[in-house]
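S.K.: Please find final_13.cif (mmCIF, C-alpha atoms and all ligand atoms) on the next line:
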data_work
loop_
_atom_site.label_atom_id
_atom_site.label_comp_id
_atom_site.auth_asym_id
_atom_site.auth_seq_id
_atom_site.Cartn_x
_atom_site.Cartn_y
_atom_site.Cartn_z
CA MET G 1 130.95 110.07 100.81
CA ALA G 2 131.87 110.57 104.45
CA GLY G 3 131.83 106.80 105.17
CA ILE G 4 128.74 106.98 107.35
CA LYS G 5 126.54 103.96 108.05
CA VAL G 6 123.19 104.14 109.82
CA HIS G 7 121.85 100.88 111.23
CA GLY G 8 118.14 101.31 111.73
CA SER G 9 114.63 101.20 110.39
CA VAL G 10 112.78 103.79 108.34
CA PHE G 11 109.76 103.25 110.62
CA SER G 12 111.74 104.18 113.72
CA THR G 13 111.36 107.80 114.82
CA ALA G 14 114.75 107.66 116.56
CA THR G 15 116.37 106.54 113.30
CA GLN G 16 114.49 109.30 111.46
CA ARG G 17 116.06 111.83 113.85
CA VAL G 18 119.47 110.76 112.57
CA PHE G 19 118.29 110.83 108.92
CA ALA G 20 117.06 114.40 109.47
CA SER G 21 120.44 115.55 110.77
CA LEU G 22 122.29 113.91 107.87
CA TYR G 23 119.82 115.54 105.48
CA GLU G 24 120.38 118.98 107.02
CA LYS G 25 124.13 118.45 106.86
CA GLU G 26 123.85 117.29 103.23
CA LEU G 27 125.82 114.14 104.02
CA GLU G 28 125.57 110.87 102.14
CA TYR G 29 125.24 107.69 104.14
CA GLU G 30 124.52 104.02 103.80
CA LEU G 31 121.41 102.68 105.51
CA VAL G 32 121.89 99.21 106.96
CA PRO G 33 118.30 98.05 107.51
CA VAL G 34 117.63 96.28 110.81
CA ASP G 35 114.71 93.86 110.58
CA MET G 36 113.03 94.66 113.89
CA LYS G 37 110.05 92.45 113.10
CA ALA G 38 112.46 89.51 113.02
CA GLY G 39 114.07 90.70 116.28
CA GLU G 40 117.39 91.42 114.59
CA HIS G 41 118.04 94.26 117.05
CA LYS G 42 118.14 91.75 119.93
CA LYS G 43 120.63 89.42 118.28
CA GLU G 44 124.33 89.23 119.03
CA ALA G 45 125.52 91.02 115.87
CA PHE G 46 123.42 94.09 116.61
CA LEU G 47 123.96 93.97 120.38
CA SER G 48 127.69 94.30 119.69
CA LEU G 49 126.84 97.74 118.22
CA ASN G 50 124.27 98.75 120.85
CA PRO G 51 124.07 96.59 123.98
CA PHE G 52 120.63 98.10 124.70
CA GLY G 53 119.27 96.49 121.52
CA GLN G 54 117.72 99.64 120.08
CA VAL G 55 118.04 101.43 116.76
CA PRO G 56 119.65 103.61 115.51
CA VAL G 57 123.40 103.03 115.53
CA LEU G 58 125.78 105.24 113.60
CA GLU G 59 129.13 104.01 112.33
CA HIS G 60 131.69 106.56 111.22
CA GLY G 61 135.35 105.57 111.09
CA ASP G 62 136.16 104.00 114.44
CA GLN G 63 133.06 105.47 116.07
CA LYS G 64 130.10 103.24 116.80
CA LEU G 65 127.43 105.37 118.44
CA PHE G 66 123.93 104.81 119.77
CA GLU G 67 121.31 107.22 121.22
CA SER G 68 119.84 109.29 118.41
CA ARG G 69 120.31 112.69 120.05
CA ALA G 70 123.96 111.99 120.84
CA ILE G 71 124.40 110.92 117.21
CA THR G 72 122.87 114.13 115.83
CA GLN G 73 125.12 116.19 118.10
CA TYR G 74 128.14 114.21 116.94
CA ILE G 75 127.20 114.82 113.29
CA ALA G 76 126.69 118.56 113.87
CA GLN G 77 130.06 118.87 115.61
CA GLU G 78 131.96 116.60 113.24
CA PHE G 79 130.74 118.44 110.12
CA PRO G 80 130.37 122.10 111.20
CA ASP G 81 130.93 123.49 107.71
CA LYS G 82 128.46 121.28 105.88
CA GLY G 83 124.81 122.14 105.21
CA THR G 84 122.77 123.79 107.97
CA GLN G 85 124.68 124.94 111.08
CA LEU G 86 122.17 123.46 113.55
CA ALA G 87 123.71 125.61 116.30
CA CYS G 88 123.42 129.17 117.64
CA PRO G 89 126.56 130.86 116.32
CA GLY G 90 127.92 133.50 118.71
CA LYS G 91 125.18 132.82 121.26
CA PRO G 92 125.36 131.05 124.66
CA ILE G 93 124.82 127.30 124.42
CA ALA G 94 122.61 127.17 127.55
CA PRO G 95 119.17 127.51 125.84
CA LEU G 96 120.10 124.80 123.36
CA LEU G 97 121.02 122.46 126.22
CA VAL G 98 117.78 123.23 128.04
CA TRP G 99 115.52 122.66 125.02
CA LYS G 100 117.41 119.51 124.07
CA GLU G 101 116.39 118.07 127.44
CA VAL G 102 112.84 119.41 127.13
CA GLU G 103 112.32 117.56 123.86
CA ALA G 104 113.74 114.30 125.21
CA LEU G 105 112.14 114.35 128.65
CA GLN G 106 108.88 116.31 128.20
CA PHE G 107 107.85 116.31 124.55
CA ASP G 108 108.98 112.86 123.44
CA PRO G 109 107.20 110.59 125.98
CA PRO G 110 103.58 111.65 125.26
CA SER G 111 104.38 112.14 121.56
CA SER G 112 105.81 108.64 121.25
CA LYS G 113 102.83 107.19 123.08
CA LEU G 114 100.44 109.01 120.75
CA ASN G 115 102.32 107.72 117.75
CA TRP G 116 102.12 104.22 119.17
CA GLU G 117 98.35 104.47 119.68
CA LEU G 118 97.43 106.41 116.55
CA VAL G 119 99.93 105.19 113.97
CA TYR G 120 101.79 102.01 114.88
CA LYS G 121 98.92 100.08 116.46
CA PRO G 122 96.64 100.51 113.41
CA MET G 123 99.62 99.63 111.18
CA PHE G 124 100.13 96.38 113.13
CA GLY G 125 96.41 95.55 113.17
CA MET G 126 96.12 96.39 116.89
CA THR G 127 93.36 98.43 118.51
CA THR G 128 93.96 102.03 119.61
CA ASP G 129 93.25 102.69 123.29
CA PRO G 130 91.12 105.88 123.44
CA ALA G 131 91.94 106.43 127.14
CA ALA G 132 95.68 106.43 126.41
CA VAL G 133 95.11 108.86 123.54
CA GLU G 134 93.10 111.20 125.73
CA GLU G 135 95.64 111.07 128.56
CA ASN G 136 98.61 111.79 126.30
CA GLU G 137 96.82 114.47 124.29
CA ALA G 138 96.14 116.27 127.56
CA LYS G 139 99.80 115.94 128.61
CA LEU G 140 101.08 117.12 125.23
CA SER G 141 98.65 120.02 125.16
CA LYS G 142 100.10 121.39 128.42
CA ILE G 143 103.61 120.99 127.06
CA LEU G 144 102.65 122.84 123.88
CA ASP G 145 101.49 125.77 126.01
CA VAL G 146 105.08 126.11 127.18
CA TYR G 147 106.36 125.84 123.61
CA GLU G 148 103.86 128.44 122.47
CA ALA G 149 105.14 130.89 125.10
CA ARG G 150 108.76 130.20 124.15
CA LEU G 151 108.14 130.52 120.41
CA SER G 152 106.24 133.77 120.89
CA GLN G 153 109.55 135.23 122.05
CA SER G 154 112.18 133.28 120.19
CA LYS G 155 112.05 132.44 116.49
CA TYR G 156 113.21 128.86 117.12
CA LEU G 157 113.52 126.99 120.39
CA ALA G 158 117.17 127.66 121.22
CA CYS G 159 117.80 130.94 119.40
CA ASP G 160 116.90 132.76 116.18
CA SER G 161 118.08 129.97 113.93
CA PHE G 162 117.02 126.38 113.33
CA THR G 163 119.11 124.06 115.51
CA LEU G 164 119.48 120.48 116.57
CA VAL G 165 116.79 120.87 119.19
CA ASP G 166 114.15 121.90 116.65
CA LEU G 167 115.28 119.05 114.44
CA HIS G 168 114.87 116.52 117.25
CA HIS G 169 111.09 117.11 117.18
CA LEU G 170 110.65 116.39 113.49
CA PRO G 171 110.08 112.63 113.42
CA ASN G 172 107.43 112.50 116.12
CA ILE G 173 105.47 115.33 114.55
CA ASN G 174 105.96 114.52 110.91
CA PHE G 175 105.69 110.78 110.97
CA GLY G 176 102.83 110.06 113.15
CA PHE G 177 100.08 111.89 114.76
CA GLY G 178 100.40 114.78 112.31
CA ASP G 179 97.03 114.56 110.65
CA ARG G 180 94.90 114.14 113.68
CA LEU G 181 96.83 116.20 116.16
CA SER G 182 98.26 118.93 113.99
CA ARG G 183 94.86 120.49 113.63
CA LYS G 184 93.59 119.70 117.08
CA LEU G 185 96.60 120.64 119.20
CA PHE G 186 99.07 122.51 117.07
CA ASP G 187 97.02 124.68 114.74
CA ALA G 188 94.20 125.41 117.14
CA THR G 189 96.13 126.20 120.28
CA ALA G 190 99.75 126.81 119.38
CA PRO G 191 100.10 128.99 116.29
CA HIS G 192 103.75 129.76 116.96
CA VAL G 193 104.52 126.07 117.27
CA SER G 194 102.71 125.11 114.08
CA GLY G 195 104.18 128.11 112.26
CA HIS G 196 100.75 129.02 110.96
CA ASN G 197 100.78 132.53 112.34
CA GLY G 198 102.21 133.88 109.14
CA GLN G 199 105.82 133.89 110.30
CA ALA G 200 108.40 131.21 109.80
CA GLU G 201 108.89 129.97 113.34
CA PHE G 202 108.71 126.27 113.72
CA GLN G 203 107.57 124.73 110.49
CA LEU G 204 108.56 121.25 111.40
CA PRO G 205 106.71 119.12 108.89
CA ASP G 206 108.20 121.08 105.97
CA ARG G 207 111.68 120.11 107.10
CA LEU G 208 111.17 116.44 106.40
CA GLY G 209 108.97 117.32 103.41
N1 LIG L 1 116.80 106.88 123.39
C1 LIG L 1 116.98 106.06 122.22
C2 LIG L 1 115.67 105.35 121.93
C3 LIG L 1 115.81 104.40 120.78
C4 LIG L 1 114.54 103.63 120.58
O1 LIG L 1 113.61 103.64 121.42
N2 LIG L 1 114.47 102.95 119.45
C5 LIG L 1 113.32 102.13 119.20
C6 LIG L 1 112.81 102.35 117.78
S1 LIG L 1 112.23 104.03 117.58
C7 LIG L 1 113.74 100.68 119.35
O2 LIG L 1 114.79 100.27 118.93
N3 LIG L 1 112.83 99.89 119.97
C8 LIG L 1 113.06 98.51 120.20
C9 LIG L 1 113.27 98.17 121.65
O3 LIG L 1 113.32 99.08 122.49
O4 LIG L 1 113.38 96.99 121.93
C10 LIG L 1 117.40 106.92 121.02
O5 LIG L 1 117.02 108.08 120.98
O6 LIG L 1 118.15 106.43 120.16
#
Transcribe the structure of this file into structure tokens.
M.R.:
Amino acid sequence: MAGIKVHGSVFSTATQRVFASLYEKELEYELVPVDMKAGEHKKEAFLSLNPFGQVPVLEHGDQKLFESRAITQYIAQEFPDKGTQLACPGKPIAPLLVWKEVEALQFDPPSSKLNWELVYKPMFGMTTDPAAVEENEAKLSKILDVYEARLSQSKYLACDSFTLVDLHHLPNINFGFGDRLSRKLFDATAPHVSGHNGQAEFQLPDRLG
């Protein structure tokens, strides 16, 4: 046991991003559940771990880290010899840095909004807003065109192996809008993104299996 604690919620896609990296690195960890419904993430004890009052937080030794993508990078660098590499060995780091930003700044916003409308709202007994769904599907569709072009030329986003930046997409795709959108956006228009073109490019949902 590497003495890792994850403070978070299994329903949180940002927490799931950290779970995915620990899974790929074959690391054991303790989940410290944060009761977000009860507002635990806005109380003093949690704010002392993350002053922004958001999950996840990772504790490892003296390190107390927030921001899921920074946490996954920390895990990959701290445990280079465990599990999957999650890097591009012997290759320039630049494409990995670029696609890390693309996921966070382009892919995540419409994906998170779609998850909110299509998954969380029904779960909380709230009504989905069809206009918000349409708007964010259109945004995501344009972004997937760019991914499709990239994945027609590169096996994975950063290089020819599965890295952190591919992993960062898993929760939004796997958890939420999968059923509805995977057929409509991914399978129909972006075969290299969905991995359904007979090769093994970007089979995201399988990773969280
Ligand atoms: N950029 C942050 C976002 C974290 C985040 O938005 N967490 C959500 C759950 S998925 C949260 O804690 N929401 C509660 C809030 O913002 O008050 C990360 O990647 O860790």
S.K.: Can you measure CA of Lys42 (chain G) to atom C5 of ligand LIG 1 (chain L) for me? One decimal in Å is fine.
M.R.: 11.5 Å
S.K.: Identify, counting all atoms listed in the file, the protein, DNA and RNA residues located within 9 Å of ligand LIG 1 (chain L), and give them as a list in words.
M.R.: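 Every residue with an atom at most 9 Å from ligand LIG 1 (chain L) is listed here: Gly8, Ser9, Phe11, Ser12, Thr13, Ala14, Thr15, Gln16, Arg17, Val18, Met36, Gly39, His41, Lys42, Phe52, Gly53, Gln54, Val55, Pro56, Val57, Phe66, Glu67, Ser68, Arg69, Ala70, Ile71, Ala104 and Ser112 of chain G.
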S.K.: Let me make sure I understand: among G:Cys159, G:Ala132, G:Val10, G:Leu164, which one has the smallest atom-to-atom distance to Lys25 (chain G) if we use only C-alpha atoms?
M.R.: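 Residue with the minimum atom-to-atom distance to Lys25 (chain G): G:Leu164.
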S.K.: Which residue is closest to Trp99 (chain G)? Choose from G:Glu30, G:Asp166, G:Glu44, G:Glu59 and count all atoms listed in the file.
M.R.: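 Selected residue with least distance to Trp99 (chain G): G:Asp166.
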S.K.: Counting only C-alpha atoms, which of G:Leu151, G:Leu97, G:Val133, G:Ser161 gets nearest to Ser111 (chain G)?
M.R.: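 When distances to Ser111 (chain G) are compared using only C-alpha atoms, the smallest one comes from G:Val133.
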S.K.: Figure out the distance between CA of Leu86 (chain G) and CA of Glu137 (chain G), please, to one decimal in Å.
M.R.: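 Straight-line distance from CA of Glu137 (chain G) to CA of Leu86 (chain G) works out to 29.0 Å.
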S.K.: Can you work out which one of G:Pro122, G:Lys91, G:Leu22, G:Glu148 has the shortest atom-to-atom distance to Glu78 (chain G), counting all atoms listed in the file?
M.R.: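 Smallest separation from Glu78 (chain G) among the options: G:Leu22.
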S.K.: I'd like the interatomic distance between CA of Lys5 (chain G) and CA of Leu65 (chain G), to a tenth of an Å.
M.R.: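 We find that CA of Lys5 (chain G) and CA of Leu65 (chain G) lie 10.5 Å from each other.
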S.K.: Rank nothing, just name the residue among G:Tyr156, G:Ala38, G:Leu58, G:His7 nearest to Ala87 (chain G), using only C-alpha atoms.
M.R.: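 Of G:Tyr156, G:Ala38, G:Leu58, G:His7, the one nearest Ala87 (chain G), counting only C-alpha atoms, is G:Tyr156.
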S.K.: Tell me which of G:Trp116, G:Thr128, G:Asp35, G:Leu157 sits closest to Val98 (chain G), counting only C-alpha atoms.
M.R.: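 Counting only C-alpha atoms, the residue closest to Val98 (chain G) is G:Leu157.
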S.K.: Let me know the centre plus edge lengths, in Å and rounded to one decimal, of a box with edges along x, y and z that contains all listed atoms of region 162-170 of chain G and is padded by 6 Å on every side, as JSON.
M.R.:
{"center_x": 115.1, "center_y": 121.4, "center_z": 116.3, "size_x": 20.8, "size_y": 22.0, "size_z": 17.9}
S.K.: Residues at most 12 Å from Pro130 (chain G), counting all atoms listed in the file, excluding those fewer than 3 positions away in the same chain, as a PDB file with C-alpha atoms, in the coordinates of the input?
M.R.:
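Output file result_32.pdb follows:
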ATOM      1  CA  LYS G 113     102.830 107.190 123.080  1.00  0.00           C
ATOM      2  CA  LEU G 114     100.440 109.010 120.750  1.00  0.00           C
ATOM      3  CA  TRP G 116     102.120 104.220 119.170  1.00  0.00           C
ATOM      4  CA  GLU G 117      98.350 104.470 119.680  1.00  0.00           C
ATOM      5  CA  LEU G 118      97.430 106.410 116.550  1.00  0.00           C
ATOM      6  CA  LYS G 121      98.920 100.080 116.460  1.00  0.00           C
ATOM      7  CA  THR G 127      93.360  98.430 118.510  1.00  0.00           C
ATOM      8  CA  VAL G 133      95.110 108.860 123.540  1.00  0.00           C
ATOM      9  CA  GLU G 134      93.100 111.200 125.730  1.00  0.00           C
ATOM     10  CA  GLU G 135      95.640 111.070 128.560  1.00  0.00           C
ATOM     11  CA  ASN G 136      98.610 111.790 126.300  1.00  0.00           C
ATOM     12  CA  GLU G 137      96.820 114.470 124.290  1.00  0.00           C
TER      13      GLU G 137
END
